[in-house]
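S.K.: File target.txt follows (compact mmCIF, C-alpha atoms):
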```txt
# COMPACT_ATOMS: atom_id res chain seq x y z
CA MET C 1 8.58 -13.62 17.69
CA SER C 2 8.24 -9.82 17.62
CA PHE C 3 10.71 -7.03 16.98
CA LYS C 4 10.23 -5.96 20.59
CA SER C 5 11.39 -9.34 21.84
CA LEU C 6 14.69 -8.80 20.01
CA GLY C 7 15.53 -5.94 22.39
CA LEU C 8 15.28 -2.97 20.02
CA SER C 9 14.62 0.51 21.43
CA GLU C 10 11.20 2.16 21.42
CA PRO C 11 12.06 4.77 18.73
CA LEU C 12 13.10 1.93 16.42
CA LEU C 13 9.97 -0.08 17.22
CA LYS C 14 7.91 3.00 16.39
CA ALA C 15 9.62 3.35 13.01
CA ILE C 16 9.19 -0.37 12.29
CA SER C 17 5.49 -0.16 13.13
CA LYS C 18 5.09 2.87 10.88
CA LYS C 19 6.44 0.82 7.98
CA GLY C 20 3.83 -1.82 8.71
CA TYR C 21 6.14 -4.62 9.83
CA GLU C 22 5.10 -6.84 12.72
CA THR C 23 7.42 -9.82 12.81
CA PRO C 24 11.09 -10.07 11.82
CA SER C 25 12.19 -12.13 8.82
CA PRO C 26 14.37 -15.21 9.52
CA ILE C 27 17.61 -13.39 8.78
CA GLN C 28 16.56 -10.45 10.99
CA ALA C 29 15.62 -12.74 13.86
CA LYS C 30 18.99 -14.49 13.64
CA ALA C 31 21.26 -11.51 12.95
CA ILE C 32 19.89 -8.76 15.20
CA PRO C 33 20.55 -10.36 18.65
CA PRO C 34 24.30 -11.05 18.13
CA VAL C 35 24.81 -7.61 16.57
CA LEU C 36 23.15 -6.01 19.61
CA GLU C 37 25.58 -7.98 21.77
CA GLY C 38 28.46 -6.33 19.94
CA LYS C 39 29.63 -9.51 18.19
CA ASP C 40 30.99 -9.81 14.67
CA VAL C 41 28.50 -11.46 12.33
CA LEU C 42 28.96 -13.39 9.08
CA ALA C 43 25.57 -13.67 7.41
CA SER C 44 24.44 -15.70 4.44
CA ALA C 45 21.54 -13.83 2.89
CA GLN C 46 20.50 -12.68 -0.54
CA THR C 47 18.53 -9.65 -1.71
CA GLY C 48 14.86 -9.91 -0.77
CA THR C 49 15.31 -11.63 2.61
CA GLY C 50 15.17 -8.43 4.68
CA LYS C 51 18.90 -8.56 5.37
CA THR C 52 19.34 -4.76 5.14
CA ALA C 53 17.17 -4.22 8.21
CA GLY C 54 19.08 -7.10 9.77
CA PHE C 55 22.07 -4.82 10.18
CA THR C 56 20.60 -1.28 10.03
CA LEU C 57 18.24 -1.80 13.00
CA PRO C 58 20.82 -3.05 15.52
CA MET C 59 23.41 -0.59 14.17
CA LEU C 60 21.04 2.30 14.84
CA HIS C 61 20.24 0.91 18.29
CA LEU C 62 23.91 0.72 19.28
CA LEU C 63 24.82 4.17 17.96
CA SER C 64 21.82 5.88 19.58
CA LYS C 65 22.69 4.38 22.98
CA ASN C 66 25.99 6.28 23.00
CA PRO C 67 25.40 9.49 21.04
CA ILE C 68 28.18 11.90 20.09
CA GLN C 69 26.61 15.27 19.36
CA LYS C 70 29.69 17.42 18.88
CA HIS C 71 31.24 17.30 15.40
CA ARG C 72 29.57 13.90 14.73
CA PRO C 73 32.44 11.75 13.44
CA ILE C 74 31.60 8.87 11.13
CA ARG C 75 30.88 6.01 13.56
CA ALA C 76 29.39 3.44 11.18
CA LEU C 77 30.48 2.66 7.62
CA VAL C 78 28.40 0.53 5.23
CA LEU C 79 30.24 -0.46 2.06
CA THR C 80 28.17 -1.63 -0.93
CA PRO C 81 29.12 -2.65 -4.49
CA THR C 82 26.68 -0.52 -6.49
CA ARG C 83 25.06 2.91 -6.48
CA GLU C 84 21.55 1.48 -6.47
CA LEU C 85 22.23 -0.72 -3.46
CA ALA C 86 23.93 2.15 -1.62
CA ALA C 87 20.88 4.36 -2.20
CA GLN C 88 18.56 1.59 -1.04
CA VAL C 89 20.53 0.93 2.14
CA HIS C 90 20.62 4.64 2.96
CA ALA C 91 16.86 4.91 2.42
CA ASN C 92 16.49 2.07 4.90
CA VAL C 93 18.70 3.85 7.43
CA LYS C 94 16.73 7.09 7.01
CA GLU C 95 13.37 5.39 7.50
CA TYR C 96 14.37 3.50 10.63
CA SER C 97 16.18 6.47 12.19
CA GLU C 98 13.17 8.80 11.82
CA PHE C 99 12.66 9.02 15.59
CA LEU C 100 16.35 9.01 16.52
CA ASN C 101 18.92 11.79 16.65
CA ILE C 102 21.08 10.11 14.03
CA ARG C 103 22.48 11.69 10.88
CA SER C 104 23.44 9.71 7.80
CA THR C 105 24.30 10.18 4.15
CA VAL C 106 25.22 8.18 1.07
CA ILE C 107 28.07 8.70 -1.38
CA PHE C 108 28.72 7.03 -4.75
CA GLY C 109 30.30 7.83 -8.08
CA GLY C 110 28.64 8.94 -11.28
CA VAL C 111 27.26 12.15 -9.77
CA ASN C 112 28.65 15.50 -8.66
CA GLN C 113 30.54 15.10 -5.38
CA LYS C 114 29.87 18.62 -4.07
CA PRO C 115 26.45 17.91 -2.46
CA GLN C 116 27.90 14.76 -0.90
CA VAL C 117 30.87 16.70 0.49
CA ALA C 118 28.55 19.36 1.92
CA ARG C 119 26.51 16.75 3.83
CA ILE C 120 29.62 15.05 5.20
CA ARG C 121 31.03 18.36 6.47
CA GLN C 122 27.83 18.99 8.41
CA GLY C 123 28.68 15.94 10.49
CA ILE C 124 27.22 12.45 10.13
CA ASP C 125 27.01 9.30 12.24
CA ILE C 126 26.48 6.75 9.46
CA LEU C 127 28.04 6.72 6.00
CA VAL C 128 26.83 4.41 3.23
CA ALA C 129 29.30 4.30 0.35
CA THR C 130 30.62 2.59 -2.74
CA PRO C 131 34.39 1.96 -2.64
CA GLY C 132 35.56 4.30 -5.40
CA ARG C 133 33.88 7.48 -4.16
CA LEU C 134 34.77 6.66 -0.55
CA ILE C 135 38.48 6.39 -1.34
CA ASP C 136 38.35 9.49 -3.53
CA LEU C 137 36.87 11.66 -0.77
CA GLU C 138 39.13 10.21 1.92
CA SER C 139 42.21 10.91 -0.22
CA GLN C 140 40.99 14.49 -0.68
CA GLY C 141 40.75 14.91 3.10
CA VAL C 142 36.97 15.38 2.98
CA LEU C 143 36.27 12.59 5.47
CA SER C 144 37.99 10.55 8.15
CA LEU C 145 37.28 6.93 9.06
CA LYS C 146 39.38 6.95 12.25
CA ARG C 147 36.32 6.89 14.54
CA VAL C 148 34.40 4.07 12.86
CA GLU C 149 32.90 1.70 15.44
CA ILE C 150 30.82 -0.51 13.15
CA PHE C 151 31.90 -1.69 9.70
CA VAL C 152 29.40 -3.39 7.38
CA LEU C 153 30.42 -5.10 4.14
CA ASP C 154 27.23 -5.72 2.18
CA GLU C 155 27.02 -8.17 -0.72
CA ALA C 156 30.64 -9.16 -0.33
CA ASP C 157 30.42 -11.73 -3.13
CA ARG C 158 29.47 -9.04 -5.63
CA MET C 159 32.24 -6.82 -4.29
CA LEU C 160 34.78 -9.43 -5.31
CA ASP C 161 33.04 -10.03 -8.65
CA MET C 162 33.43 -6.35 -9.45
CA GLY C 163 37.13 -6.30 -8.59
CA PHE C 164 36.90 -4.27 -5.38
CA LEU C 165 39.21 -6.45 -3.26
CA ARG C 166 42.09 -3.95 -3.37
CA ASP C 167 39.78 -1.11 -2.41
CA ILE C 168 38.32 -3.14 0.47
CA GLU C 169 41.83 -3.83 1.73
CA ARG C 170 42.63 -0.13 1.52
CA VAL C 171 39.50 0.82 3.45
CA MET C 172 40.42 -1.70 6.15
CA LYS C 173 43.66 0.22 6.74
CA LEU C 174 41.71 3.46 7.22
CA ILE C 175 39.39 2.24 9.99
CA PRO C 176 40.33 1.37 13.61
CA ASN C 177 41.47 -2.16 14.46
CA LYS C 178 39.02 -2.22 17.33
CA ARG C 179 35.56 -2.26 15.79
CA GLN C 180 32.50 -4.43 15.22
CA ASN C 181 32.31 -6.09 11.79
CA LEU C 182 29.23 -7.33 9.92
CA MET C 183 29.60 -9.13 6.59
CA PHE C 184 26.74 -10.20 4.33
CA SER C 185 27.11 -12.41 1.26
CA ALA C 186 24.71 -14.53 -0.79
CA THR C 187 27.41 -17.07 -1.62
CA PHE C 188 30.54 -18.28 0.14
CA SER C 189 33.35 -19.11 -2.25
CA LYS C 190 36.92 -19.73 -1.09
CA ASP C 191 37.75 -16.08 -1.79
CA ILE C 192 34.79 -14.89 0.30
CA LYS C 193 35.81 -17.11 3.21
CA LYS C 194 39.39 -15.84 2.95
CA LEU C 195 38.11 -12.25 3.03
CA ALA C 196 35.86 -13.01 5.99
CA TYR C 197 38.76 -14.46 8.00
CA SER C 198 40.81 -11.32 7.34
CA ILE C 199 38.04 -8.96 8.51
CA LEU C 200 35.95 -10.72 11.16
CA ASP C 201 36.92 -11.62 14.71
CA ASN C 202 35.38 -14.89 15.93
CA PRO C 203 32.11 -14.19 14.08
CA VAL C 204 28.66 -15.59 14.72
CA HIS C 205 27.52 -17.28 11.50
CA VAL C 206 23.85 -16.77 10.67
CA GLU C 207 21.98 -18.03 7.64
CA ALA C 208 18.62 -17.28 6.04
CA THR C 209 16.61 -19.74 3.99
CA PRO C 210 19.02 -21.68 1.77
CA GLU C 211 19.10 -20.44 -1.81
CA ASN C 212 17.62 -23.53 -3.40
CA THR C 213 14.41 -23.37 -1.33
CA ALA C 214 13.86 -19.69 -2.13
CA VAL C 215 13.19 -20.53 -5.78
CA GLU C 216 10.68 -23.30 -5.14
CA ILE C 217 7.75 -20.89 -4.80
CA ILE C 218 8.49 -19.26 -8.16
CA ASP C 219 6.92 -20.59 -11.35
CA GLN C 220 10.00 -21.34 -13.47
CA LYS C 221 9.98 -22.20 -17.16
CA VAL C 222 12.51 -22.63 -19.94
CA HIS C 223 11.77 -21.83 -23.57
CA ARG C 224 14.23 -23.61 -25.85
CA VAL C 225 14.71 -21.27 -28.80
CA ALA C 226 17.09 -20.52 -31.64
CA LYS C 227 19.52 -17.77 -30.68
CA GLY C 228 18.37 -15.49 -33.51
CA LYS C 229 14.71 -15.87 -32.55
CA LYS C 230 15.00 -14.77 -28.92
CA THR C 231 14.02 -11.16 -29.57
CA GLY C 232 10.90 -12.15 -31.49
CA LEU C 233 9.91 -14.61 -28.78
CA ILE C 234 10.31 -12.21 -25.89
CA ILE C 235 8.25 -9.57 -27.70
CA LYS C 236 5.55 -12.18 -28.38
CA LEU C 237 5.43 -13.29 -24.74
CA ILE C 238 5.18 -9.77 -23.35
CA SER C 239 2.69 -8.52 -25.96
CA GLU C 240 0.34 -11.51 -26.02
CA GLY C 241 0.53 -11.95 -22.26
CA ASN C 242 -0.18 -8.24 -21.83
CA TRP C 243 2.48 -8.18 -19.11
CA LYS C 244 2.78 -4.77 -17.49
CA GLN C 245 5.94 -5.11 -15.41
CA VAL C 246 8.80 -7.27 -16.65
CA LEU C 247 12.43 -7.28 -15.54
CA VAL C 248 14.67 -8.67 -18.31
CA PHE C 249 18.29 -9.71 -17.85
CA THR C 250 21.02 -9.63 -20.49
CA ARG C 251 24.70 -10.43 -20.10
CA THR C 252 26.07 -7.22 -21.57
CA LYS C 253 25.38 -3.50 -21.66
CA HIS C 254 25.29 -3.44 -25.45
CA GLY C 255 22.87 -6.36 -25.47
CA ALA C 256 20.61 -4.47 -23.09
CA ASN C 257 20.64 -1.42 -25.38
CA ARG C 258 19.89 -3.46 -28.51
CA LEU C 259 17.00 -5.32 -26.91
CA THR C 260 15.52 -2.12 -25.47
CA LYS C 261 15.51 -0.46 -28.90
CA LYS C 262 13.80 -3.45 -30.49
CA MET C 263 11.16 -3.51 -27.75
CA ILE C 264 10.41 0.17 -28.27
CA SER C 265 10.18 -0.41 -32.04
CA ALA C 266 7.61 -3.14 -31.32
CA GLY C 267 5.48 -0.71 -29.30
CA ILE C 268 6.58 -1.85 -25.83
CA THR C 269 7.76 0.89 -23.47
CA ALA C 270 11.19 -0.16 -22.25
CA ALA C 271 14.31 1.25 -20.63
CA ALA C 272 17.80 -0.11 -19.99
CA ILE C 273 19.94 0.26 -16.89
CA HIS C 274 23.66 -0.47 -16.88
CA GLY C 275 26.99 1.17 -16.15
CA ASN C 276 27.07 3.31 -19.27
CA LYS C 277 23.88 5.04 -18.17
CA SER C 278 24.15 8.11 -15.95
CA GLN C 279 22.82 7.86 -12.42
CA GLY C 280 20.00 10.23 -13.41
CA ALA C 281 19.00 8.02 -16.33
CA ARG C 282 19.06 4.91 -14.15
CA THR C 283 16.96 6.56 -11.45
CA LYS C 284 14.46 7.82 -14.03
CA ALA C 285 14.17 4.40 -15.66
CA LEU C 286 13.58 2.66 -12.34
CA ALA C 287 11.00 5.25 -11.25
CA GLY C 288 9.11 4.81 -14.53
CA PHE C 289 9.20 1.06 -14.13
CA LYS C 290 7.77 1.24 -10.61
CA ARG C 291 5.05 3.70 -11.72
CA GLY C 292 4.08 1.54 -14.66
CA THR C 293 4.93 4.04 -17.39
CA VAL C 294 7.79 1.73 -18.40
CA ARG C 295 6.64 -1.87 -18.94
CA VAL C 296 10.04 -3.49 -19.40
CA LEU C 297 13.28 -2.81 -17.57
CA VAL C 298 16.30 -4.41 -19.28
CA ALA C 299 19.26 -4.78 -16.96
CA THR C 300 22.67 -6.36 -16.50
CA ASP C 301 23.32 -8.34 -13.33
CA ILE C 302 25.43 -5.75 -11.53
CA ALA C 303 23.19 -2.79 -12.40
CA ALA C 304 20.16 -4.66 -11.07
CA ARG C 305 21.88 -5.70 -7.86
CA GLY C 306 20.02 -4.26 -4.90
CA LEU C 307 17.05 -2.96 -6.89
CA ASP C 308 14.02 -2.86 -4.62
CA ILE C 309 10.99 -3.67 -6.78
CA PRO C 310 8.12 -4.99 -4.65
CA LEU C 311 5.61 -7.53 -6.03
CA LEU C 312 7.43 -7.96 -9.34
CA PRO C 313 5.39 -10.49 -11.38
CA HIS C 314 7.77 -11.40 -14.22
CA VAL C 315 11.50 -11.96 -14.65
CA ILE C 316 12.89 -13.04 -18.02
CA ASN C 317 16.41 -14.28 -18.61
CA PHE C 318 16.96 -13.19 -22.22
CA GLU C 319 20.36 -14.82 -21.73
CA ILE C 320 20.91 -17.15 -18.81
CA PRO C 321 23.98 -16.45 -16.69
CA ASN C 322 27.08 -18.62 -16.83
CA ILE C 323 27.37 -18.33 -13.05
CA SER C 324 24.56 -20.46 -11.57
CA GLU C 325 24.19 -18.39 -8.40
CA ASP C 326 23.37 -15.32 -10.52
CA TYR C 327 20.25 -17.16 -11.73
CA VAL C 328 19.04 -17.41 -8.14
CA HIS C 329 19.69 -13.69 -7.59
CA ARG C 330 17.79 -12.81 -10.76
CA ILE C 331 14.63 -14.85 -10.27
CA GLY C 332 14.57 -14.08 -6.54
CA ARG C 333 13.32 -10.62 -7.43
CA THR C 334 9.88 -12.07 -8.10
CA GLY C 335 7.68 -14.15 -5.82
CA ARG C 336 8.47 -12.05 -2.76
CA ALA C 337 6.36 -11.57 0.34
CA GLY C 338 4.13 -14.51 -0.57
CA ALA C 339 3.15 -13.04 -3.94
CA SER C 340 3.11 -15.18 -7.07
CA GLY C 341 5.93 -14.77 -9.54
CA GLN C 342 7.08 -16.18 -12.85
CA ALA C 343 10.62 -16.61 -14.13
CA ILE C 344 11.18 -17.47 -17.78
CA SER C 345 14.53 -18.31 -19.38
CA LEU C 346 15.16 -18.21 -23.12
CA VAL C 347 17.78 -20.89 -23.71
CA SER C 348 19.66 -21.41 -26.96
CA ALA C 349 21.83 -24.42 -27.80
CA ASP C 350 25.04 -22.82 -26.57
CA GLU C 351 23.51 -22.22 -23.14
CA ILE C 352 22.49 -25.80 -22.38
CA SER C 353 25.48 -26.47 -20.15
CA TYR C 354 24.67 -23.35 -18.13
CA LEU C 355 21.09 -24.57 -17.70
CA ARG C 356 22.33 -27.91 -16.38
CA GLY C 357 24.52 -26.12 -13.86
CA ILE C 358 21.56 -24.04 -12.67
CA GLU C 359 19.36 -27.11 -12.27
CA LYS C 360 22.09 -28.81 -10.26
CA LEU C 361 22.35 -25.79 -7.95
CA ILE C 362 18.63 -25.44 -7.29
CA GLY C 363 18.10 -29.20 -7.09
CA MET C 364 15.29 -29.42 -9.61
CA LYS C 365 14.57 -29.77 -13.30
CA ILE C 366 12.94 -26.72 -14.90
CA ASP C 367 9.98 -27.36 -17.19
CA VAL C 368 10.80 -26.86 -20.88
CA GLU C 369 8.42 -25.54 -23.50
CA ILE C 370 8.98 -24.98 -27.20
CA ILE C 371 6.73 -22.45 -28.91
CA GLU C 372 5.76 -23.03 -32.52
CA GLY C 373 7.65 -20.75 -34.87
CA PHE C 374 10.46 -20.26 -32.36
CA GLU C 375 11.93 -23.75 -32.31
CA PRO C 376 15.62 -24.26 -31.42
CA ASP C 377 18.04 -24.80 -34.26
CA PRO C 378 18.82 -28.57 -34.38
CA ASN C 379 22.13 -27.87 -36.11
CA ALA C 380 23.36 -25.21 -33.67
CA SER C 381 26.49 -25.92 -31.66
CA THR C 382 26.04 -26.78 -28.01
CA GLU C 383 29.55 -25.53 -27.24
CA PRO C 384 29.17 -23.14 -24.30
CA ILE C 385 29.50 -19.48 -25.13
CA LYS C 386 32.59 -17.93 -23.63
CA PRO C 387 32.09 -14.93 -21.34
CA GLY C 388 35.25 -13.38 -22.77
CA GLN C 389 36.00 -9.70 -22.41
CA ASN C 390 32.40 -8.56 -22.35
CA ARG C 391 31.82 -10.06 -18.95
CA ASN C 392 35.29 -9.65 -17.50
CA ARG C 393 35.44 -6.02 -18.49
CA GLY C 394 32.30 -5.48 -16.44
CA ARG C 395 33.85 -7.12 -13.41
CA GLY C 396 36.85 -4.91 -12.84
CA GLY C 397 39.34 -6.09 -15.45
CA GLN C 398 42.19 -3.60 -14.86
CA ARG C 399 42.22 -3.47 -11.08
CA ASN C 400 45.76 -4.81 -10.59
CA LYS C 401 47.31 -2.22 -12.84
CA THR C 402 45.34 0.45 -11.04
CA SER C 403 46.48 -0.54 -7.59
CA ASN C 404 50.11 -0.66 -8.66
CA SER C 405 49.95 2.88 -9.97
CA ARG C 406 48.26 4.27 -6.88
CA ASN C 407 51.47 4.41 -4.94
CA SER C 408 53.79 5.46 -7.76
CA GLY C 409 55.87 8.57 -7.19
CA GLY C 410 57.40 11.04 -9.61
CA GLY C 411 56.79 14.41 -8.00
CA ASN C 412 53.62 16.36 -7.40
CA LYS C 413 52.71 16.58 -11.08
CA ASN C 414 53.01 12.84 -11.63
CA ALA C 415 51.31 12.08 -8.34
CA ASN C 416 48.36 14.27 -9.27
CA HIS C 417 48.22 12.66 -12.71
CA ASN C 418 48.21 9.17 -11.19
CA ARG C 419 45.66 10.14 -8.57
CA ASN C 420 43.29 11.52 -11.20
CA LYS C 421 43.82 8.48 -13.41
CA ASN C 422 43.11 6.09 -10.54
CA ARG C 423 40.06 8.07 -9.52
CA ASN C 424 38.67 7.76 -13.04
CA ARG C 425 39.33 4.04 -13.08
CA ARG C 426 37.50 3.57 -9.79
CA ARG C 427 34.57 5.55 -11.15
CA ASN C 428 34.54 3.40 -14.26
CA ASN C 429 34.57 0.28 -12.12
CA GLU C 430 31.52 1.46 -10.18
CA ASN C 431 29.76 2.43 -13.38
CA ARG C 432 30.28 -0.88 -15.13
CA ASN C 433 27.26 -3.05 -15.97
```
Just dump the structure as structure tokens.

M.R.:
Amino acid sequence: MSFKSLGLSEPLLKAISKKGYETPSPIQAKAIPPVLEGKDVLASAQTGTGKTAGFTLPMLHLLSKNPIQKHRPIRALVLTPTRELAAQVHANVKEYSEFLNIRSTVIFGGVNQKPQVARIRQGIDILVATPGRLIDLESQGVLSLKRVEIFVLDEADRMLDMGFLRDIERVMKLIPNKRQNLMFSATFSKDIKKLAYSILDNPVHVEATPENTAVEIIDQKVHRVAKGKKTGLIIKLISEGNWKQVLVFTRTKHGANRLTKKMISAGITAAAIHGNKSQGARTKALAGFKRGTVRVLVATDIAARGLDIPLLPHVINFEIPNISEDYVHRIGRTGRAGASGQAISLVSADEISYLRGIEKLIGMKIDVEIIEGFEPDPNASTEPIKPGQNRNRGRGGQRNKTSNSRNSGGGNKNANHNRNKNRNRRRNNENRN
């Protein structure tokens, strides 16, 4: 199968060829035809499957067939959970629209809004956005969503994890009832299905390679280790292996900072990315990692969501996630495009139950190795660690209070105060992890 056989226009085929792609990925082959037919689509696909092109290509095709030159209202809206993913999706749109008369831009929190406002006021066809900044600018009267024809909800599962349900519901009220809807999610919980039913109209359900087969090509290993010896072990592995590009996952922002400092003290160039880092710092860290000037990138799950790092050789779970699906997202960043990849998990006694849950999900036992000098503590409790406030705080803990205060009255002064307070909370939510 070729991209041409899918029915895409010549300008798009030219852009695809320029990027060096010849055949569509499974999710692209399944998603593009029904989108071109104008149908709603519910897609099961995770990062790394080519799902972004699965909706950007047909979206561009449909918009370019019926251009609106004057004033250029926003005709397509792509909603993403994180700044990094928003930037990646917009880069995808820009690349594929190179030979089309289509304008697009991206907006997200954590940066000055003035340049974003300026681009919107010039007129755009496609807007890629995170929920907080989108609602902020709409409430300021900077943009209108009344002409949206295509609505894309990307990584819907992570949207709910981060507490964006209320914002999604608010956005739905701002866009026309008659529209085409595309929804992508790596997992389908009851909440995701409920959301899908409220947004989509008789959708076509498409699915990429099931999650458990995606991990079979990756060399996975578990190192059982005492909790207090994890830092020493990870430094040993990276140093003695002379690994040049390693993505490391921690559960918390503070944990990422601590580990990064210890790596640097051990002579390993490292940088952390999480919600407490400015967008500039995150962009700089990622650029250094891709160039090779930074050997280790330490990240939390949400901050790393949507990161596009081709041919990544090593992923290390300094702490394994308590949500099994997150493990699949993490290790799926290596072993892409037929390249070899290795995923190592450092597992202490209190994480054993999480490991069992992961093995059940992926349908296989992961090889275990114990390194001399870093043995697990035989007396340590196997009681699972509790995510507690560290994790919940990073997933949108105060959303209900926020949404209640959005509509509170009390005169212009109180309204402005509430609006500013809510805006700050939305920004904080986007900046978390």

S.K.: Which is closer to C:Gln28 than all the others in C:Pro176, C:Pro11, C:Gly232, C:Gly54, using only C-alpha atoms?

M.R.: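 Residue with the minimum atom-to-atom distance to C:Gln28: C:Gly54.
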
S.K.: Residues proximal to (6.0, -12.0, -17.9) were defined as those with any atom within 9 Å of that point in the file's coordinates, counting only C-alpha atoms. Which are they, as a list of chain:residue names?

M.R.: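 Those residues, ordered by chain and then number, are C:Leu237, C:Ile238, C:Gly241, C:Asn242, C:Trp243, C:Lys244, C:Gln245, C:Val246, C:Leu247, C:Pro313, C:His314, C:Val315, C:Ile316, C:Gly341, C:Gln342, C:Ala343, C:Ile344.
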
S.K.: When you draw a straight line from atom CA of C:Phe99 to atom CA of C:Pro24, how long is it in Å?

M.R.: 19.5 Å

S.K.: For the point (18.0, -1.6, -16.9) in file coordinates, what residues are within 7 Å, counting only C-alpha atoms? Give the answer as an MDAnalysis selection string?

M.R.: chainID C and resid 271:274 297:300 303:304

S.K.: Enter the distance from atom CA of C:Leu153 to atom CA of C:Asn181, in Å, rounded to one decimal.

M.R.: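 It comes out at 7.9 Å.
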